[in-house]
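Heads up, final39.txt below (compact mmCIF, C-alpha atoms and all ligand atoms):
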# COMPACT_ATOMS: atom_id res chain seq x y z
CA MET W 1 101.58 98.58 130.00
CA ASN W 2 98.74 96.11 130.58
CA SER W 3 100.25 92.80 131.77
CA ASN W 4 96.88 91.00 131.93
CA LYS W 5 96.50 89.41 128.51
CA GLU W 6 93.23 87.51 129.09
CA ALA W 7 90.17 88.68 127.20
CA TYR W 8 86.48 87.83 126.79
CA VAL W 9 84.10 88.79 124.02
CA ILE W 10 80.38 89.61 124.16
CA GLY W 11 78.77 88.24 121.01
CA ALA W 12 79.35 85.03 119.08
CA GLY W 13 78.45 85.87 115.50
CA GLY W 14 80.50 86.62 112.41
CA HIS W 15 81.69 89.98 113.69
CA ALA W 16 82.91 88.28 116.89
CA LYS W 17 85.15 86.01 114.80
CA VAL W 18 86.98 89.05 113.48
CA VAL W 19 87.23 90.57 116.97
CA ILE W 20 88.72 87.28 118.26
CA VAL W 21 91.31 87.26 115.48
CA THR W 22 92.12 90.91 116.18
CA LEU W 23 92.56 90.29 119.92
CA LYS W 24 94.83 87.30 119.21
CA GLU W 25 96.92 89.31 116.77
CA ALA W 26 97.18 92.04 119.40
CA GLY W 27 98.65 89.50 121.84
CA TYR W 28 95.58 88.56 123.92
CA THR W 29 94.38 85.09 124.91
CA VAL W 30 90.63 84.93 124.37
CA LYS W 31 89.13 82.81 127.16
CA ALA W 32 85.44 82.66 126.20
CA ALA W 33 82.59 84.26 124.28
CA PHE W 34 79.16 85.12 125.70
CA ASP W 35 75.93 85.41 123.73
CA ASP W 36 72.24 85.76 124.60
CA ASP W 37 71.36 83.13 121.97
CA SER W 38 71.19 79.85 123.90
CA GLN W 39 71.56 77.90 120.62
CA LYS W 40 75.20 78.98 120.58
CA TRP W 41 76.05 77.83 124.10
CA GLY W 42 78.38 74.81 124.23
CA LYS W 43 79.65 75.49 120.72
CA ASP W 44 82.87 77.19 119.80
CA LEU W 45 83.94 80.08 117.62
CA LEU W 46 87.41 79.72 116.08
CA GLY W 47 88.23 77.37 118.97
CA ILE W 48 86.89 79.79 121.63
CA PRO W 49 84.08 78.29 123.77
CA VAL W 50 80.71 80.04 123.79
CA VAL W 51 79.86 79.49 127.42
CA GLY W 52 76.56 81.25 128.14
CA PRO W 53 74.84 84.63 128.35
CA PRO W 54 76.75 87.90 128.87
CA SER W 55 75.37 88.07 132.44
CA GLN W 56 78.05 85.49 133.34
CA LEU W 57 80.57 88.32 133.14
CA GLU W 58 79.12 89.59 136.42
CA SER W 59 80.61 86.66 138.37
CA LEU W 60 84.16 87.24 137.04
CA SER W 61 86.55 89.47 138.93
CA ASP W 62 88.17 92.26 136.92
CA PRO W 63 87.32 90.83 133.49
CA GLN W 64 88.64 92.44 130.32
CA ALA W 65 86.39 92.28 127.28
CA VAL W 66 85.34 93.63 123.92
CA ILE W 67 81.69 93.98 122.88
CA ALA W 68 81.86 92.08 119.60
CA LEU W 69 78.52 93.19 118.14
CA GLY W 70 78.36 95.21 114.93
CA GLU W 71 75.10 96.94 115.83
CA ASN W 72 75.95 100.30 117.41
CA THR W 73 72.91 100.53 119.70
CA LEU W 74 73.68 97.09 121.19
CA ARG W 75 77.26 98.06 122.01
CA LYS W 76 75.96 101.14 123.80
CA THR W 77 73.46 99.04 125.80
CA PHE W 78 76.07 96.50 126.90
CA ALA W 79 78.65 99.16 127.72
CA GLY W 80 76.17 100.76 130.12
CA ARG W 81 75.21 97.41 131.66
CA PHE W 82 78.66 96.12 132.68
CA ARG W 83 80.38 98.85 134.61
CA HIS W 84 83.01 96.59 136.27
CA VAL W 85 84.45 95.33 132.97
CA LYS W 86 87.68 96.77 131.64
CA TRP W 87 87.00 97.39 127.94
CA LEU W 88 89.98 96.52 125.79
CA THR W 89 91.23 98.43 122.79
CA ALA W 90 92.53 96.01 120.15
CA VAL W 91 94.51 96.83 117.03
CA HIS W 92 95.29 94.08 114.52
CA ARG W 93 99.00 93.57 113.91
CA THR W 94 98.60 94.54 110.24
CA ALA W 95 96.74 97.80 110.88
CA TYR W 96 98.63 101.11 110.93
CA VAL W 97 97.70 103.56 113.67
CA HIS W 98 99.87 106.68 113.98
CA PRO W 99 101.23 107.22 117.53
CA THR W 100 99.35 110.54 117.86
CA VAL W 101 95.97 108.83 117.39
CA GLU W 102 93.64 108.49 120.40
CA LEU W 103 91.61 105.26 120.58
CA GLY W 104 88.96 104.89 123.28
CA PRO W 105 88.27 101.80 125.40
CA GLY W 106 86.45 98.97 123.64
CA THR W 107 87.47 100.20 120.19
CA VAL W 108 88.76 97.69 117.62
CA VAL W 109 90.87 98.31 114.52
CA PHE W 110 90.77 95.38 112.09
CA ALA W 111 93.31 94.02 109.63
CA GLY W 112 94.63 96.42 107.03
CA ALA W 113 93.00 99.55 108.45
CA VAL W 114 94.95 102.82 108.48
CA VAL W 115 94.46 105.68 110.96
CA GLN W 116 96.49 108.81 110.25
CA PRO W 117 97.92 111.49 112.61
CA ASP W 118 95.80 113.30 115.17
CA ALA W 119 92.64 111.32 114.52
CA ARG W 120 90.53 110.96 117.68
CA ILE W 121 88.36 107.87 118.00
CA GLY W 122 85.98 107.36 120.90
CA SER W 123 84.85 104.30 122.86
CA HIS W 124 83.44 101.06 121.43
CA CYS W 125 84.07 102.07 117.81
CA ILE W 126 84.68 99.60 115.00
CA ILE W 127 87.27 100.45 112.37
CA ASN W 128 86.54 97.57 110.05
CA THR W 129 88.78 95.70 107.61
CA CYS W 130 90.88 97.96 105.34
CA ALA W 131 89.01 101.13 106.30
CA THR W 132 91.07 104.34 106.24
CA ILE W 133 90.73 107.38 108.49
CA ASP W 134 92.81 110.34 107.47
CA HIS W 135 94.40 113.07 109.59
CA ASP W 136 92.38 115.00 112.17
CA CYS W 137 89.18 112.99 111.85
CA VAL W 138 86.98 112.78 114.95
CA LEU W 139 84.82 109.71 115.55
CA LYS W 140 82.62 109.84 118.64
CA ASP W 141 81.59 106.79 120.71
CA PHE W 142 79.84 103.75 119.16
CA VAL W 143 80.70 104.64 115.56
CA HIS W 144 81.16 101.77 113.07
CA ILE W 145 82.89 102.27 109.75
CA ALA W 146 82.47 99.17 107.61
CA PRO W 147 85.12 97.44 105.48
CA GLY W 148 86.78 99.60 102.84
CA VAL W 149 85.35 102.93 103.99
CA ASN W 150 87.58 105.94 103.26
CA LEU W 151 87.37 109.09 105.39
CA ALA W 152 89.29 112.12 104.11
CA GLY W 153 90.98 114.54 106.51
CA GLY W 154 89.01 116.37 109.19
CA VAL W 155 85.79 114.35 108.94
CA LEU W 156 83.49 114.39 112.00
CA LEU W 157 81.26 111.39 112.76
CA GLU W 158 78.96 111.95 115.73
CA GLU W 159 77.92 109.23 118.21
CA GLY W 160 76.55 105.98 116.80
CA VAL W 161 77.08 106.74 113.12
CA PHE W 162 77.28 103.73 110.78
CA ILE W 163 79.04 104.13 107.43
CA GLY W 164 78.27 101.22 105.05
CA ILE W 165 80.83 99.16 103.21
CA GLY W 166 82.90 100.93 100.56
CA SER W 167 81.63 104.45 101.29
CA ALA W 168 83.73 107.61 101.02
CA ILE W 169 83.51 110.97 102.82
CA ILE W 170 85.09 114.20 101.54
CA PRO W 171 87.35 116.44 103.71
CA GLN W 172 85.75 118.30 106.65
CA ALA W 173 82.31 116.76 106.11
CA SER W 174 80.26 115.73 109.14
CA VAL W 175 77.61 113.13 109.86
CA GLY W 176 75.11 113.63 112.70
CA GLY W 177 74.45 111.17 115.52
CA TRP W 178 73.06 107.71 114.68
CA THR W 179 72.81 108.44 110.97
CA VAL W 180 73.40 105.48 108.62
CA VAL W 181 75.07 105.82 105.23
CA GLY W 182 74.28 102.90 102.92
CA ALA W 183 76.92 100.79 101.18
CA GLY W 184 78.89 102.66 98.52
CA GLY W 185 77.62 106.09 99.51
CA VAL W 186 79.62 109.27 98.91
CA VAL W 187 79.11 111.92 101.58
CA ASP W 188 79.86 115.28 99.94
CA GLY W 189 78.86 117.63 102.77
CA ASP W 190 77.16 117.65 106.17
CA LEU W 191 74.45 115.09 106.93
CA ALA W 192 72.05 115.70 109.84
CA ALA W 193 71.41 113.29 112.71
CA GLN W 194 69.24 110.15 112.65
CA LEU W 195 68.87 109.78 108.91
CA LEU W 196 69.28 106.92 106.49
CA ALA W 197 71.21 108.30 103.50
CA VAL W 198 72.22 106.40 100.36
CA GLY W 199 73.75 106.97 96.97
CA VAL W 200 76.32 109.07 95.16
CA PRO W 201 76.09 111.70 96.47
CA ALA W 202 74.47 110.32 99.63
CA ARG W 203 71.01 111.81 100.20
CA PRO W 204 68.51 111.06 102.99
CA ILE W 205 65.73 108.62 102.12
CA ARG W 206 64.11 108.51 105.55
CA LYS W 207 64.40 109.41 109.24
CA ARG W 208 65.59 106.81 111.73
CA GLU W 209 64.00 106.32 115.18
C1 LIG L 1 71.25 101.35 103.45
C2 LIG L 1 70.78 100.06 104.07
C3 LIG L 1 71.16 100.03 105.55
C4 LIG L 1 69.27 100.11 103.90
O1 LIG L 1 68.67 99.00 104.39
P1 LIG L 1 67.06 98.97 104.52
O2 LIG L 1 66.64 99.90 105.59
O3 LIG L 1 66.69 97.55 104.66
O4 LIG L 1 66.55 99.64 103.18
P2 LIG L 1 65.89 98.95 101.92
O5 LIG L 1 66.65 97.72 101.53
O6 LIG L 1 64.44 98.82 102.22
O7 LIG L 1 66.12 100.02 100.77
C5 LIG L 1 65.40 101.22 100.71
C6 LIG L 1 65.70 101.86 99.37
O8 LIG L 1 67.07 102.27 99.35
C7 LIG L 1 67.78 101.62 98.27
N1 LIG L 1 69.10 101.27 98.81
C8 LIG L 1 69.39 100.46 99.83
N2 LIG L 1 70.70 100.43 100.06
C9 LIG L 1 71.26 101.24 99.15
C10 LIG L 1 72.59 101.61 98.88
N3 LIG L 1 73.59 101.15 99.64
N4 LIG L 1 72.84 102.49 97.88
C11 LIG L 1 71.81 102.98 97.13
N5 LIG L 1 70.50 102.66 97.34
C12 LIG L 1 70.24 101.79 98.33
C13 LIG L 1 66.95 100.40 97.94
O9 LIG L 1 67.18 99.98 96.63
C14 LIG L 1 65.56 100.91 98.18
O10 LIG L 1 65.19 101.71 97.08
P3 LIG L 1 63.64 101.76 96.53
O11 LIG L 1 62.85 102.32 97.70
O12 LIG L 1 63.73 102.66 95.37
O13 LIG L 1 63.29 100.34 96.23
C15 LIG L 1 71.43 98.83 103.39
O14 LIG L 1 70.91 98.64 102.09
C16 LIG L 1 72.94 98.96 103.28
O15 LIG L 1 73.51 99.57 102.35
N6 LIG L 1 73.63 98.37 104.26
C17 LIG L 1 75.06 98.40 104.35
C18 LIG L 1 75.49 97.20 105.14
C19 LIG L 1 76.95 97.14 105.34
O16 LIG L 1 77.74 97.94 104.88
N7 LIG L 1 77.34 96.17 106.12
C20 LIG L 1 78.73 95.97 106.47
C21 LIG L 1 78.78 95.21 107.75
S1 LIG L 1 80.40 94.99 108.27
Turn the structure described in the file into structure tokens.
Amino acid sequence: MNSNKEAYVIGAGGHAKVVIVTLKEAGYTVKAAFDDDSQKWGKDLLGIPVVGPPSQLESLSDPQAVIALGENTLRKTFAGRFRHVKWLTAVHRTAYVHPTVELGPGTVVFAGAVVQPDARIGSHCIINTCATIDHDCVLKDFVHIAPGVNLAGGVLLEEGVFIGIGSAIIPQASVGGWTVVGAGGVVDGDLAAQLLAVGVPARPIRKRE
């Protein structure tokens, strides 16, 4: 049981608002937000002060934080940069996560999301508002599934995959590392790595760097 209930967030945009709400609903007190955009310093986000750049985390002893940035590559960069931070896992009070589910450090599960038995979710993933992950799915690190995404049983999402809002994936399908599926896509089989795929069914329209 973690008795330290103080948390920080990296990022002060719209996504950070939802992370702050999720941390509060999970019982944490959010002390401050950090952002590289100096225009945000001195302002507040849902009553949480935006105090300066993320580098300020370096002067704190044993800080606990969430990287509140929706962009998967940025979360990976920050996770590698701050090795002394304890990354918090936060589940909104209204989400359902079965006790057999594994959630990695830094992963957030937003309001209304459902994660069914034996799903395994890596580090710094985002399970966005009202997304559902059925039994035995595997999500590797830095995956983001957007609001209202539905994953059937046994789906595999490799590192850094982004699934756009309202998409659906059929049972046992897989998506390769850093591939993006556009909003409303239906993945009906295996998609390779580093693609942008859209449509119903979702088909690649270009390679991603
Ligand atoms: C897929 C996506 C990432 C593509 O963005 P992009 O790289 O800027 O691509 P473009 O807007 O240039 O679109 C390229 C082509 O794909 C089409 N397209 C884009 N998104 C599409 C989608 N979701 N479904 C079907 N076609 C789509 C465009 O109409 C365009 O077609 P054209 O070449 O015939 O004109 C973006 O459209 C998208 O769906 N984002 C989802 C965002 C989201 O879910 N956010 C949630 C945050 S919590």
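For Gln64 (chain W), the list of residues within 9 Å, based on all atoms listed in the file and with local chain neighbours fewer than 6 positions off taken out, reads W:Asn4, W:Lys5, W:Glu6, W:Ala7, W:Tyr8, W:Val9, W:Val85, W:Lys86, W:Trp87, W:Leu88.
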Excluding same-chain residues fewer than 4 positions from Glu71 (chain W), what lies within 12 Å of it counting only C-alpha atoms, as a PDB file with C-alpha atoms, keeping the file's coordinate frame?
ATOM      1  CA  GLY W  11      78.770  88.240 121.010  1.00  0.00           C
ATOM      2  CA  GLY W  13      78.450  85.870 115.500  1.00  0.00           C
ATOM      3  CA  HIS W  15      81.690  89.980 113.690  1.00  0.00           C
ATOM      4  CA  ALA W  16      82.910  88.280 116.890  1.00  0.00           C
ATOM      5  CA  ILE W  67      81.690  93.980 122.880  1.00  0.00           C
ATOM      6  CA  ARG W  75      77.260  98.060 122.010  1.00  0.00           C
ATOM      7  CA  LYS W  76      75.960 101.140 123.800  1.00  0.00           C
ATOM      8  CA  THR W  77      73.460  99.040 125.800  1.00  0.00           C
ATOM      9  CA  PHE W  78      76.070  96.500 126.900  1.00  0.00           C
ATOM     10  CA  HIS W 124      83.440 101.060 121.430  1.00  0.00           C
ATOM     11  CA  CYS W 125      84.070 102.070 117.810  1.00  0.00           C
ATOM     12  CA  ILE W 126      84.680  99.600 115.000  1.00  0.00           C
ATOM     13  CA  PHE W 142      79.840 103.750 119.160  1.00  0.00           C
ATOM     14  CA  VAL W 143      80.700 104.640 115.560  1.00  0.00           C
ATOM     15  CA  HIS W 144      81.160 101.770 113.070  1.00  0.00           C
ATOM     16  CA  ILE W 145      82.890 102.270 109.750  1.00  0.00           C
ATOM     17  CA  ALA W 146      82.470  99.170 107.610  1.00  0.00           C
ATOM     18  CA  GLY W 160      76.550 105.980 116.800  1.00  0.00           C
ATOM     19  CA  VAL W 161      77.080 106.740 113.120  1.00  0.00           C
ATOM     20  CA  PHE W 162      77.280 103.730 110.780  1.00  0.00           C
ATOM     21  CA  ILE W 163      79.040 104.130 107.430  1.00  0.00           C
ATOM     22  CA  TRP W 178      73.060 107.710 114.680  1.00  0.00           C
ATOM     23  CA  VAL W 180      73.400 105.480 108.620  1.00  0.00           C
TER      24      VAL W 180
END
Checklist entry - Could you list, as a list in words, all the residues within 9 Å of ligand LIG 1 (chain L), counting all atoms listed in the file? => result His15, Gly70, Asn128, Thr129, His144, Ile145, Ala146, Pro147, Phe162, Ile163, Gly164, Ile165, Gly166, Ser167, Val180, Val181, Gly182, Ala183, Gly184, Gly185, Leu196, Ala197, Val198, Gly199, Val200, Ala202, Ile205 and Arg206 of chain W
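Going from CA of Ile127 (chain W) to CA of Gly177 (chain W) covers 17.0 Å.
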Checklist outcome for this item: Using all atoms listed in the file, the best pick from W:Val50, W:Ala168, W:Lys140, W:Asp190 as closest to Ala152 (chain W) would be W:Ala168
Next on the checklist: Give me the residues near Val18 (chain W) as an MDAnalysis selection string, where near means some atom within 10 Å (using only C-alpha atoms) and where sequence neighbours in that chain fewer than 3 positions away do not count.
Outcome noted: chainID W and resid 13:15 21:24 46 68 92 108 110:111 128:129
